[in-house]
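Novice: Here it is, the structure in full.
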Amino acid sequence: MAKKFRRMLAVVMTFAMLFSLFNVPALAAPAKVGSIAYTADRNTLPEGEIPILTRWEFVEMTRPVYDCEQEEHSHGFFCGYGRNCSLEAHKHSEKTCSIATPAQAKWKLVENDDTTIHLDIHIGLTARYILNGETYTSAVELTAADYTTGRLVITATCRGEPVTSFKINKTSIYDAGQRRFEGYIPVGTYEEPVYYTITLNKNVDFLVDGSAVSIPMTFTRTVNFWHEENICETLLGSRDYKKWQQGEFIYAGMDFKLGAVEKTEDTQPDPEEPVKYTLTVQKNVEGIRLSADKTFTFGIYNAAGLVERVSLTVPAGGKAALGTIALDADESYYVVEEGEPGIDGHTLATAVAVGEADAVKGGRSEEFTLAGDTAVVFTNRYTEIKPEPTPEPTPEPTPEPTPEPTPEPTPEPTPEPTPEPTPEPTPEPT
């Protein structure tokens, strides 16, 4: 038994010695913006995964300089150590090898800030409703309210991760047939594009047997800048089109159509069912960058009292959140912000707007009748309370010096009276 154990131990030690001969590199740290890497030439990119929306940027061709006494390296000439110096890594006593190190490409990881000019959605959509085998068609128009009330949602992802830098700043009607969205719209690369998913939830009216029937329908599509169907027509006719086809970024717009959608039912919806519309409650945060998620609570009321409460969470670093609820049509409602919307160290000013109406101050909306899908937008503006500066202590005034008393003038001495001269005696007659 002992002999068998010694034999196994010898095998293990042999393998250990063999493995010790290999130079096993440590796991490389994940690359981040600003990282430097080297490859054999500028046609070879550095290996390894990089963060989304970043890219390797070529810097220069360079030759490494080694401390030949300290660092292992190879070079193209014989240095007297009996080895192939161009293949075997080694050290030697010379300080540097000025002629033998091969050139290599230097790369720097930078943010990929390639963005599209705009994102255009064609306004004209088609909806088909099939009831008991009969097809009904309705034209659907994309309106500004679809976006402002949250019925139209656009999300961006790259490699399965959300693209947080995507932002819409402006929307408008363009060319009478498209709704244009402008803002910061990153496109990624040909190999790793940013995917945009557009979803529209909308009630579509159909004329069924002479009666109007409203059917909720969902239009959705996922697109990216590098797909032939989505590129702007101005690029299709330009001389840069071939470059774009080969994966080179060309500054252009992105166009797409949501297309058609259909819904099939075997029975007609009960016309007696109450009609409902969507109320969207949106919270905007201004004047502060949230360091943690913050939840806001809203109460929806009608004449009978509380109907429902909606909680919205604005994520850390975020600026807005929204939620929706289906409510009975043609009733009057108002929305109240509840809970604790304040933030320590800041004053709070709240304004609320219903639909396209002007915003009013306060945390309670005006009363409104729900005659269609409607949005109520609460905007909280926070202002940091700056501490009052501590006043400098006022120094005690320096007392004026007491003036020395003016000395009385010394009186002039009274002169002694001049003595009367003594008269000469009269001589006696002889």
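Chains: A, B, ... in order of the structure tokens. Residues: from 1 per chain. Ligands: from 1, in order shown.
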What's around A:Glu384 at 9 Å? Count only C-alpha atoms, leave out sequence neighbours fewer than 3 positions away in its own chain, and write the answer as a PDB file with all heavy atoms, in the first residue's frame.

Specialist:
ATOM      1  N   GLY A 287     -33.634  69.496 -10.780  1.00  0.00           N
ATOM      2  CA  GLY A 287     -32.817  70.241  -9.829  1.00  0.00           C
ATOM      3  C   GLY A 287     -31.961  69.408  -8.900  1.00  0.00           C
ATOM      4  O   GLY A 287     -31.246  69.949  -8.064  1.00  0.00           O
ATOM      5  N   ILE A 288     -32.012  68.063  -9.052  1.00  0.00           N
ATOM      6  CA  ILE A 288     -31.246  67.196  -8.157  1.00  0.00           C
ATOM      7  C   ILE A 288     -30.942  65.907  -8.884  1.00  0.00           C
ATOM      8  O   ILE A 288     -31.707  65.482  -9.764  1.00  0.00           O
ATOM      9  CB  ILE A 288     -32.049  66.912  -6.853  1.00  0.00           C
ATOM     10  CG1 ILE A 288     -31.152  66.210  -5.825  1.00  0.00           C
ATOM     11  CG2 ILE A 288     -33.279  66.064  -7.144  1.00  0.00           C
ATOM     12  CD1 ILE A 288     -31.821  66.029  -4.475  1.00  0.00           C
ATOM     13  N   ASP A 344     -34.375  65.723   2.167  1.00  0.00           N
ATOM     14  CA  ASP A 344     -33.649  66.495   3.177  1.00  0.00           C
ATOM     15  C   ASP A 344     -32.658  67.444   2.520  1.00  0.00           C
ATOM     16  O   ASP A 344     -31.965  67.078   1.564  1.00  0.00           O
ATOM     17  CB  ASP A 344     -32.903  65.551   4.129  1.00  0.00           C
ATOM     18  CG  ASP A 344     -33.854  64.785   5.046  1.00  0.00           C
ATOM     19  OD1 ASP A 344     -35.020  65.212   5.158  1.00  0.00           O
ATOM     20  OD2 ASP A 344     -33.426  63.759   5.621  1.00  0.00           O
ATOM     21  N   GLY A 345     -32.592  68.652   3.071  1.00  0.00           N
ATOM     22  CA  GLY A 345     -31.625  69.633   2.588  1.00  0.00           C
ATOM     23  C   GLY A 345     -32.070  70.378   1.347  1.00  0.00           C
ATOM     24  O   GLY A 345     -31.274  71.100   0.756  1.00  0.00           O
ATOM     25  N   HIS A 346     -33.322  70.208   0.924  1.00  0.00           N
ATOM     26  CA  HIS A 346     -33.815  70.853  -0.292  1.00  0.00           C
ATOM     27  C   HIS A 346     -35.224  71.396  -0.064  1.00  0.00           C
ATOM     28  O   HIS A 346     -36.021  70.819   0.685  1.00  0.00           O
ATOM     29  CB  HIS A 346     -33.850  69.876  -1.468  1.00  0.00           C
ATOM     30  CG  HIS A 346     -32.514  69.387  -1.895  1.00  0.00           C
ATOM     31  ND1 HIS A 346     -31.795  68.438  -1.180  1.00  0.00           N
ATOM     32  CD2 HIS A 346     -31.736  69.728  -2.968  1.00  0.00           C
ATOM     33  CE1 HIS A 346     -30.644  68.205  -1.793  1.00  0.00           C
ATOM     34  NE2 HIS A 346     -30.587  68.967  -2.875  1.00  0.00           N
ATOM     35  N   THR A 347     -35.517  72.511  -0.722  1.00  0.00           N
ATOM     36  CA  THR A 347     -36.899  72.974  -0.784  1.00  0.00           C
ATOM     37  C   THR A 347     -37.581  72.299  -1.974  1.00  0.00           C
ATOM     38  O   THR A 347     -36.924  71.831  -2.898  1.00  0.00           O
ATOM     39  CB  THR A 347     -36.973  74.496  -0.951  1.00  0.00           C
ATOM     40  OG1 THR A 347     -36.309  74.864  -2.177  1.00  0.00           O
ATOM     41  CG2 THR A 347     -36.295  75.199   0.213  1.00  0.00           C
TER      42      THR A 347
END

Novice: Which residues come within 6 Å of stretch 35-52 of chain A, counting only C-alpha atoms, excluding same-chain residues fewer than 3 positions away, as a PyMOL selection string?

Specialist: chain A and resi 31-32+104-109

Novice: What parts of stretch 333-418 of chain A does DSSP call strand (DSSP E)? I'd like the answer as a PyMOL selection string.

Specialist: chain A and resi 333-338+346-354+360-361+368-369+374-384

Novice: Considering only C-alpha atoms, return as number ranges by chain whatever protein or nucleic-acid residues lie within 6 Å of stretch 292-307 of chain A, sequence-local ones (same chain, fewer than 3 positions apart) excluded.

Specialist: A: 310-316, 332-339

Novice: Got a sec: who's within 12 Å of A:Leu119, counting only C-alpha atoms, leaving out chain neighbours fewer than 2 positions off, as a tab-separated table (two decimals) with all heavy atoms, in the first residue's frame?

Specialist:
chain	number	residue	atom	x	y	z
A	115	THR	N	-23.87	58.50	-33.03
A	115	THR	CA	-25.32	58.60	-32.84
A	115	THR	C	-25.99	58.90	-34.18
A	115	THR	O	-25.38	59.46	-35.08
A	115	THR	CB	-25.69	59.71	-31.84
A	115	THR	OG1	-25.24	60.97	-32.36
A	115	THR	CG2	-25.05	59.47	-30.49
A	116	THR	N	-27.26	58.53	-34.26
A	116	THR	CA	-28.03	58.85	-35.45
A	116	THR	C	-28.59	60.27	-35.34
A	116	THR	O	-28.75	60.80	-34.23
A	116	THR	CB	-29.17	57.84	-35.64
A	116	THR	OG1	-29.89	58.15	-36.83
A	116	THR	CG2	-30.13	57.86	-34.47
A	117	ILE	N	-28.87	60.88	-36.49
A	117	ILE	CA	-29.40	62.25	-36.48
A	117	ILE	C	-30.78	62.28	-35.86
A	117	ILE	O	-31.12	63.15	-35.06
A	117	ILE	CB	-29.48	62.81	-37.92
A	117	ILE	CG1	-28.10	62.78	-38.58
A	117	ILE	CG2	-30.04	64.21	-37.93
A	117	ILE	CD1	-28.13	63.16	-40.05
A	121	ILE	N	-40.61	57.60	-37.16
A	121	ILE	CA	-41.63	56.55	-37.21
A	121	ILE	C	-42.71	57.00	-38.18
A	121	ILE	O	-43.24	58.11	-38.06
A	121	ILE	CB	-42.25	56.30	-35.83
A	121	ILE	CG1	-41.15	55.91	-34.83
A	121	ILE	CG2	-43.30	55.20	-35.90
A	121	ILE	CD1	-41.68	55.69	-33.42
A	122	HIS	N	-43.05	56.16	-39.15
A	122	HIS	CA	-44.11	56.51	-40.09
A	122	HIS	C	-45.45	56.54	-39.36
A	122	HIS	O	-45.79	55.65	-38.59
A	122	HIS	CB	-44.14	55.50	-41.23
A	122	HIS	CG	-42.98	55.64	-42.17
A	122	HIS	ND1	-43.05	56.27	-43.38
A	122	HIS	CD2	-41.68	55.25	-42.03
A	122	HIS	CE1	-41.87	56.26	-43.97
A	122	HIS	NE2	-41.02	55.65	-43.15
A	154	ILE	N	-40.37	53.72	-26.23
A	154	ILE	CA	-39.18	53.36	-26.98
A	154	ILE	C	-38.09	52.99	-25.97
A	154	ILE	O	-37.77	53.77	-25.08
A	154	ILE	CB	-38.68	54.51	-27.87
A	154	ILE	CG1	-39.79	54.99	-28.80
A	154	ILE	CG2	-37.47	54.08	-28.70
A	154	ILE	CD1	-39.43	56.23	-29.61
A	166	PHE	N	-29.48	56.72	-23.84
A	166	PHE	CA	-30.51	57.05	-24.83
A	166	PHE	C	-31.51	58.04	-24.23
A	166	PHE	O	-32.01	57.84	-23.13
A	166	PHE	CB	-31.22	55.77	-25.28
A	166	PHE	CG	-32.52	56.00	-26.00
A	166	PHE	CD1	-32.56	56.74	-27.17
A	166	PHE	CD2	-33.72	55.48	-25.51
A	166	PHE	CE1	-33.76	56.96	-27.83
A	166	PHE	CE2	-34.90	55.68	-26.16
A	166	PHE	CZ	-34.92	56.43	-27.33
A	167	LYS	N	-31.77	59.12	-24.98
A	167	LYS	CA	-32.67	60.15	-24.46
A	167	LYS	C	-33.38	60.86	-25.61
A	167	LYS	O	-32.76	61.20	-26.62
A	167	LYS	CB	-31.88	61.17	-23.63
A	167	LYS	CG	-32.75	62.24	-22.98
A	167	LYS	CD	-31.89	63.20	-22.15
A	167	LYS	CE	-32.74	64.25	-21.46
A	167	LYS	NZ	-31.91	65.19	-20.67
A	168	ILE	N	-34.71	61.05	-25.47
A	168	ILE	CA	-35.49	61.82	-26.44
A	168	ILE	C	-35.68	63.23	-25.90
A	168	ILE	O	-36.17	63.42	-24.79
A	168	ILE	CB	-36.86	61.16	-26.68
A	168	ILE	CG1	-36.69	59.78	-27.33
A	168	ILE	CG2	-37.73	62.04	-27.58
A	168	ILE	CD1	-36.09	59.79	-28.70
A	169	ASN	N	-35.26	64.23	-26.69
A	169	ASN	CA	-35.41	65.63	-26.27
A	169	ASN	C	-36.55	66.34	-26.99
A	169	ASN	O	-37.08	67.33	-26.48
A	169	ASN	CB	-34.12	66.40	-26.54
A	169	ASN	CG	-32.95	65.89	-25.73
A	169	ASN	OD1	-33.13	65.41	-24.61
A	169	ASN	ND2	-31.76	65.95	-26.29
A	170	LYS	N	-36.92	65.85	-28.16
A	170	LYS	CA	-37.88	66.60	-28.98
A	170	LYS	C	-38.61	65.64	-29.90
A	170	LYS	O	-38.03	64.68	-30.41
A	170	LYS	CB	-37.12	67.66	-29.79
A	170	LYS	CG	-37.99	68.50	-30.72
A	170	LYS	CD	-37.12	69.46	-31.52
A	170	LYS	CE	-37.93	70.25	-32.53
A	170	LYS	NZ	-37.07	71.14	-33.36
A	171	THR	N	-39.89	65.89	-30.14
A	171	THR	CA	-40.67	65.12	-31.11
A	171	THR	C	-41.53	66.08	-31.91
A	171	THR	O	-42.05	67.07	-31.40
A	171	THR	CB	-41.55	64.06	-30.41
A	171	THR	OG1	-42.35	63.39	-31.40
A	171	THR	CG2	-42.47	64.68	-29.37
A	172	SER	N	-41.67	65.78	-33.21
A	172	SER	CA	-42.42	66.67	-34.08
A	172	SER	C	-42.90	65.91	-35.30
A	172	SER	O	-42.41	64.82	-35.61
A	172	SER	CB	-41.54	67.86	-34.52
A	172	SER	OG	-40.39	67.39	-35.21
A	173	ILE	N	-43.88	66.50	-36.01
A	173	ILE	CA	-44.34	65.95	-37.28
A	173	ILE	C	-43.35	66.38	-38.36
A	173	ILE	O	-42.98	67.55	-38.45
A	173	ILE	CB	-45.75	66.44	-37.63
A	173	ILE	CG1	-46.74	65.98	-36.56
A	173	ILE	CG2	-46.18	65.93	-39.01
A	173	ILE	CD1	-46.94	64.49	-36.52
A	174	TYR	N	-42.92	65.42	-39.19
A	174	TYR	CA	-41.97	65.73	-40.25
A	174	TYR	C	-42.50	65.17	-41.56
A	174	TYR	O	-42.91	64.01	-41.62
A	174	TYR	CB	-40.60	65.13	-39.94
A	174	TYR	CG	-39.62	65.24	-41.08
A	174	TYR	CD1	-39.03	66.46	-41.39
A	174	TYR	CD2	-39.29	64.13	-41.84
A	174	TYR	CE1	-38.13	66.56	-42.42
A	174	TYR	CE2	-38.39	64.22	-42.89
A	174	TYR	CZ	-37.81	65.44	-43.18
A	174	TYR	OH	-36.94	65.54	-44.21
A	178	GLN	N	-44.45	61.34	-41.07
A	178	GLN	CA	-43.59	60.72	-40.07
A	178	GLN	C	-43.62	61.53	-38.79
A	178	GLN	O	-43.81	62.73	-38.82
A	178	GLN	CB	-42.13	60.65	-40.58
A	178	GLN	CG	-41.93	59.87	-41.87
A	178	GLN	CD	-40.49	59.92	-42.31
A	178	GLN	OE1	-39.64	59.31	-41.69
A	178	GLN	NE2	-40.21	60.62	-43.39
A	179	ARG	N	-43.42	60.83	-37.69
A	179	ARG	CA	-43.19	61.52	-36.41
A	179	ARG	C	-41.70	61.39	-36.12
A	179	ARG	O	-41.17	60.28	-36.06
A	179	ARG	CB	-44.02	60.93	-35.28
A	179	ARG	CG	-43.69	61.59	-33.93
A	179	ARG	CD	-44.84	61.55	-32.98
A	179	ARG	NE	-45.91	62.42	-33.40
A	179	ARG	CZ	-45.95	63.74	-33.20
A	179	ARG	NH1	-44.95	64.34	-32.60
A	179	ARG	NH2	-46.98	64.44	-33.61
A	180	ARG	N	-41.05	62.52	-35.96
A	180	ARG	CA	-39.60	62.55	-35.79
A	180	ARG	C	-39.25	62.71	-34.31
A	180	ARG	O	-39.79	63.55	-33.61
A	180	ARG	CB	-38.99	63.69	-36.59
A	180	ARG	CG	-37.51	63.97	-36.31
A	180	ARG	CD	-36.85	64.69	-37.44
A	180	ARG	NE	-36.78	63.84	-38.63
A	180	ARG	CZ	-36.23	64.23	-39.78
A	180	ARG	NH1	-35.73	65.44	-39.90
A	180	ARG	NH2	-36.19	63.40	-40.81
A	181	PHE	N	-38.30	61.89	-33.87
A	181	PHE	CA	-37.78	61.96	-32.51
A	181	PHE	C	-36.31	62.35	-32.60
A	181	PHE	O	-35.54	61.76	-33.36
A	181	PHE	CB	-37.93	60.62	-31.80
A	181	PHE	CG	-39.36	60.20	-31.58
A	181	PHE	CD1	-40.04	59.50	-32.56
A	181	PHE	CD2	-40.02	60.54	-30.43
A	181	PHE	CE1	-41.36	59.12	-32.39
A	181	PHE	CE2	-41.35	60.17	-30.24
A	181	PHE	CZ	-42.01	59.46	-31.22
A	182	GLU	N	-35.92	63.34	-31.80
A	182	GLU	CA	-34.54	63.80	-31.78
A	182	GLU	C	-34.02	63.77	-30.34
A	182	GLU	O	-34.77	63.92	-29.39
A	182	GLU	CB	-34.43	65.22	-32.34
A	182	GLU	CG	-34.88	65.33	-33.80
A	182	GLU	CD	-34.87	66.77	-34.30
A	182	GLU	OE1	-33.78	67.32	-34.47
A	182	GLU	OE2	-35.96	67.32	-34.50
A	183	GLY	N	-32.72	63.58	-30.21
A	183	GLY	CA	-32.11	63.52	-28.89
A	183	GLY	C	-30.76	62.85	-28.99
A	183	GLY	O	-30.06	62.97	-29.99
A	184	TYR	N	-30.40	62.10	-27.96
A	184	TYR	CA	-29.14	61.34	-27.99
A	184	TYR	C	-29.52	59.90	-28.28
A	184	TYR	O	-30.06	59.19	-27.42
A	184	TYR	CB	-28.40	61.45	-26.66
A	184	TYR	CG	-27.02	60.85	-26.72
A	184	TYR	CD1	-25.95	61.56	-27.27
A	184	TYR	CD2	-26.78	59.55	-26.26
A	184	TYR	CE1	-24.67	61.01	-27.35
A	184	TYR	CE2	-25.51	58.99	-26.34
A	184	TYR	CZ	-24.48	59.73	-26.88
A	184	TYR	OH	-23.22	59.18	-26.97
A	185	ILE	N	-29.23	59.44	-29.52
A	185	ILE	CA	-29.69	58.14	-30.00
A	185	ILE	C	-28.47	57.35	-30.47
A	185	ILE	O	-28.10	57.37	-31.65
A	185	ILE	CB	-30.72	58.30	-31.15
A	185	ILE	CG1	-31.84	59.27	-30.71
A	185	ILE	CG2	-31.31	56.96	-31.55
A	185	ILE	CD1	-32.79	59.65	-31.83
A	186	PRO	N	-27.77	56.65	-29.56
A	186	PRO	CA	-26.57	55.91	-29.95
A	186	PRO	C	-26.90	54.72	-30.86
A	186	PRO	O	-28.00	54.16	-30.77
A	186	PRO	CB	-25.98	55.45	-28.62
A	186	PRO	CG	-27.12	55.46	-27.67
A	186	PRO	CD	-28.05	56.55	-28.11
A	187	VAL	N	-25.95	54.35	-31.72
A	187	VAL	CA	-26.21	53.27	-32.69
A	187	VAL	C	-25.34	52.05	-32.45
A	187	VAL	O	-25.59	50.99	-33.03
A	187	VAL	CB	-26.01	53.78	-34.13
A	187	VAL	CG1	-26.97	54.90	-34.42
A	187	VAL	CG2	-24.57	54.21	-34.39
A	196	TYR	N	-33.48	49.10	-30.85
A	196	TYR	CA	-34.57	49.93	-30.36
A	196	TYR	C	-35.89	49.17	-30.52
A	196	TYR	O	-36.21	48.72	-31.62
A	196	TYR	CB	-34.63	51.26	-31.12
A	196	TYR	CG	-33.48	52.17	-30.77
A	196	TYR	CD1	-32.30	52.16	-31.51
A	196	TYR	CD2	-33.55	53.01	-29.66
A	196	TYR	CE1	-31.23	52.95	-31.16
A	196	TYR	CE2	-32.48	53.82	-29.32
A	196	TYR	CZ	-31.32	53.78	-30.06
A	196	TYR	OH	-30.27	54.58	-29.71
A	197	THR	N	-36.59	49.03	-29.40
A	197	THR	CA	-37.90	48.38	-29.42
A	197	THR	C	-38.97	49.44	-29.23
A	197	THR	O	-38.96	50.16	-28.23
A	197	THR	CB	-38.01	47.31	-28.33
A	197	THR	OG1	-37.02	46.30	-28.56
A	197	THR	CG2	-39.39	46.67	-28.35
A	198	ILE	N	-39.85	49.55	-30.21
A	198	ILE	CA	-40.92	50.55	-30.18
A	198	ILE	C	-42.23	49.81	-29.95
A	198	ILE	O	-42.57	48.87	-30.68
A	198	ILE	CB	-40.97	51.35	-31.50
A	198	ILE	CG1	-39.67	52.12	-31.70
A	198	ILE	CG2	-42.14	52.32	-31.50
A	198	ILE	CD1	-38.63	51.37	-32.48
A	223	VAL	N	-35.73	47.33	-34.02
A	223	VAL	CA	-34.93	47.75	-35.18
A	223	VAL	C	-33.54	48.17	-34.71
A	223	VAL	O	-33.30	48.34	-33.52
A	223	VAL	CB	-35.60	48.93	-35.92
A	223	VAL	CG1	-36.98	48.55	-36.42
A	223	VAL	CG2	-35.70	50.15	-35.00
A	224	ASN	N	-32.62	48.33	-35.69
A	224	ASN	CA	-31.32	48.91	-35.39
A	224	ASN	C	-30.83	49.71	-36.59
A	224	ASN	O	-31.32	49.56	-37.71
A	224	ASN	CB	-30.31	47.85	-34.97
A	224	ASN	CG	-29.86	46.97	-36.12
A	224	ASN	OD1	-29.07	47.39	-36.97
A	224	ASN	ND2	-30.36	45.74	-36.17
A	225	PHE	N	-29.86	50.56	-36.36
A	225	PHE	CA	-29.36	51.49	-37.36
A	225	PHE	C	-28.72	50.77	-38.55
A	225	PHE	O	-28.68	51.30	-39.65
A	225	PHE	CB	-28.33	52.42	-36.70
A	225	PHE	CG	-27.61	53.36	-37.63
A	225	PHE	CD1	-28.22	54.53	-38.07
A	225	PHE	CD2	-26.32	53.10	-38.05
A	225	PHE	CE1	-27.56	55.41	-38.90
A	225	PHE	CE2	-25.64	53.97	-38.89
A	225	PHE	CZ	-26.28	55.12	-39.32
A	230	ASN	N	-34.09	49.99	-42.30
A	230	ASN	CA	-34.29	51.09	-41.36
A	230	ASN	C	-33.47	52.34	-41.67
A	230	ASN	O	-33.63	53.35	-41.01
A	230	ASN	CB	-33.95	50.63	-39.94
A	230	ASN	CG	-34.67	49.37	-39.55
A	230	ASN	OD1	-35.83	49.20	-39.89
A	230	ASN	ND2	-33.99	48.48	-38.86
A	231	ILE	N	-32.58	52.25	-42.66
A	231	ILE	CA	-31.71	53.38	-42.91
A	231	ILE	C	-32.47	54.49	-43.64
A	231	ILE	O	-33.41	54.24	-44.40
A	231	ILE	CB	-30.45	52.96	-43.71
A	231	ILE	CG1	-29.38	54.03	-43.59
A	231	ILE	CG2	-30.82	52.65	-45.14
A	231	ILE	CD1	-28.89	54.27	-42.19
A	232	CYS	N	-32.06	55.73	-43.38
A	232	CYS	CA	-32.72	56.89	-43.99
A	232	CYS	C	-32.50	56.87	-45.51
A	232	CYS	O	-31.43	56.51	-46.00
A	232	CYS	CB	-32.13	58.16	-43.39
A	232	CYS	SG	-32.91	59.67	-43.96
A	252	ALA	N	-26.23	59.66	-40.20
A	252	ALA	CA	-27.49	59.67	-40.96
A	252	ALA	C	-28.64	59.40	-40.00
A	252	ALA	O	-28.44	59.17	-38.80
A	252	ALA	CB	-27.46	58.62	-42.07
A	253	GLY	N	-29.86	59.43	-40.54
A	253	GLY	CA	-31.04	59.17	-39.73
A	253	GLY	C	-31.43	57.70	-39.77
A	253	GLY	O	-30.84	56.88	-40.46
A	254	MET	N	-32.46	57.37	-38.99
A	254	MET	CA	-32.99	56.01	-38.95
A	254	MET	C	-34.51	56.07	-39.12
A	254	MET	O	-35.20	56.77	-38.37
A	254	MET	CB	-32.61	55.35	-37.61
A	254	MET	CG	-33.03	53.91	-37.49
A	254	MET	SD	-32.17	53.02	-36.14
A	254	MET	CE	-32.47	54.08	-34.74
A	255	ASP	N	-35.03	55.38	-40.12
A	255	ASP	CA	-36.46	55.37	-40.43
A	255	ASP	C	-37.01	53.96	-40.26
A	255	ASP	O	-36.33	52.99	-40.58
A	255	ASP	CB	-36.73	55.82	-41.87
A	255	ASP	CG	-36.32	57.26	-42.12
A	255	ASP	OD1	-35.96	57.94	-41.15
A	255	ASP	OD2	-36.34	57.68	-43.28
A	256	PHE	N	-38.25	53.87	-39.80
A	256	PHE	CA	-38.86	52.54	-39.78
A	256	PHE	C	-40.38	52.67	-39.68
A	256	PHE	O	-40.92	53.72	-39.34
A	256	PHE	CB	-38.32	51.69	-38.62
A	256	PHE	CG	-38.55	52.29	-37.26
A	256	PHE	CD1	-39.68	52.01	-36.54
A	256	PHE	CD2	-37.61	53.13	-36.71
A	256	PHE	CE1	-39.88	52.56	-35.29
A	256	PHE	CE2	-37.80	53.69	-35.47
A	256	PHE	CZ	-38.94	53.40	-34.76
A	257	LYS	N	-41.04	51.57	-39.98
A	257	LYS	CA	-42.49	51.52	-39.92
A	257	LYS	C	-42.90	50.47	-38.88
A	257	LYS	O	-42.32	49.39	-38.81
A	257	LYS	CB	-43.07	51.14	-41.28
A	257	LYS	CG	-42.76	52.15	-42.39
A	257	LYS	CD	-43.32	51.68	-43.73
A	257	LYS	CE	-42.99	52.67	-44.83
A	257	LYS	NZ	-43.48	52.23	-46.15

Novice: Which residues come within 7 Å of A:Ala353, counting only C-alpha atoms, excluding same-chain residues fewer than 2 positions away, as a VMD selection string?

Specialist: chain A and resid 351 355 357 to 360 365 376 to 378
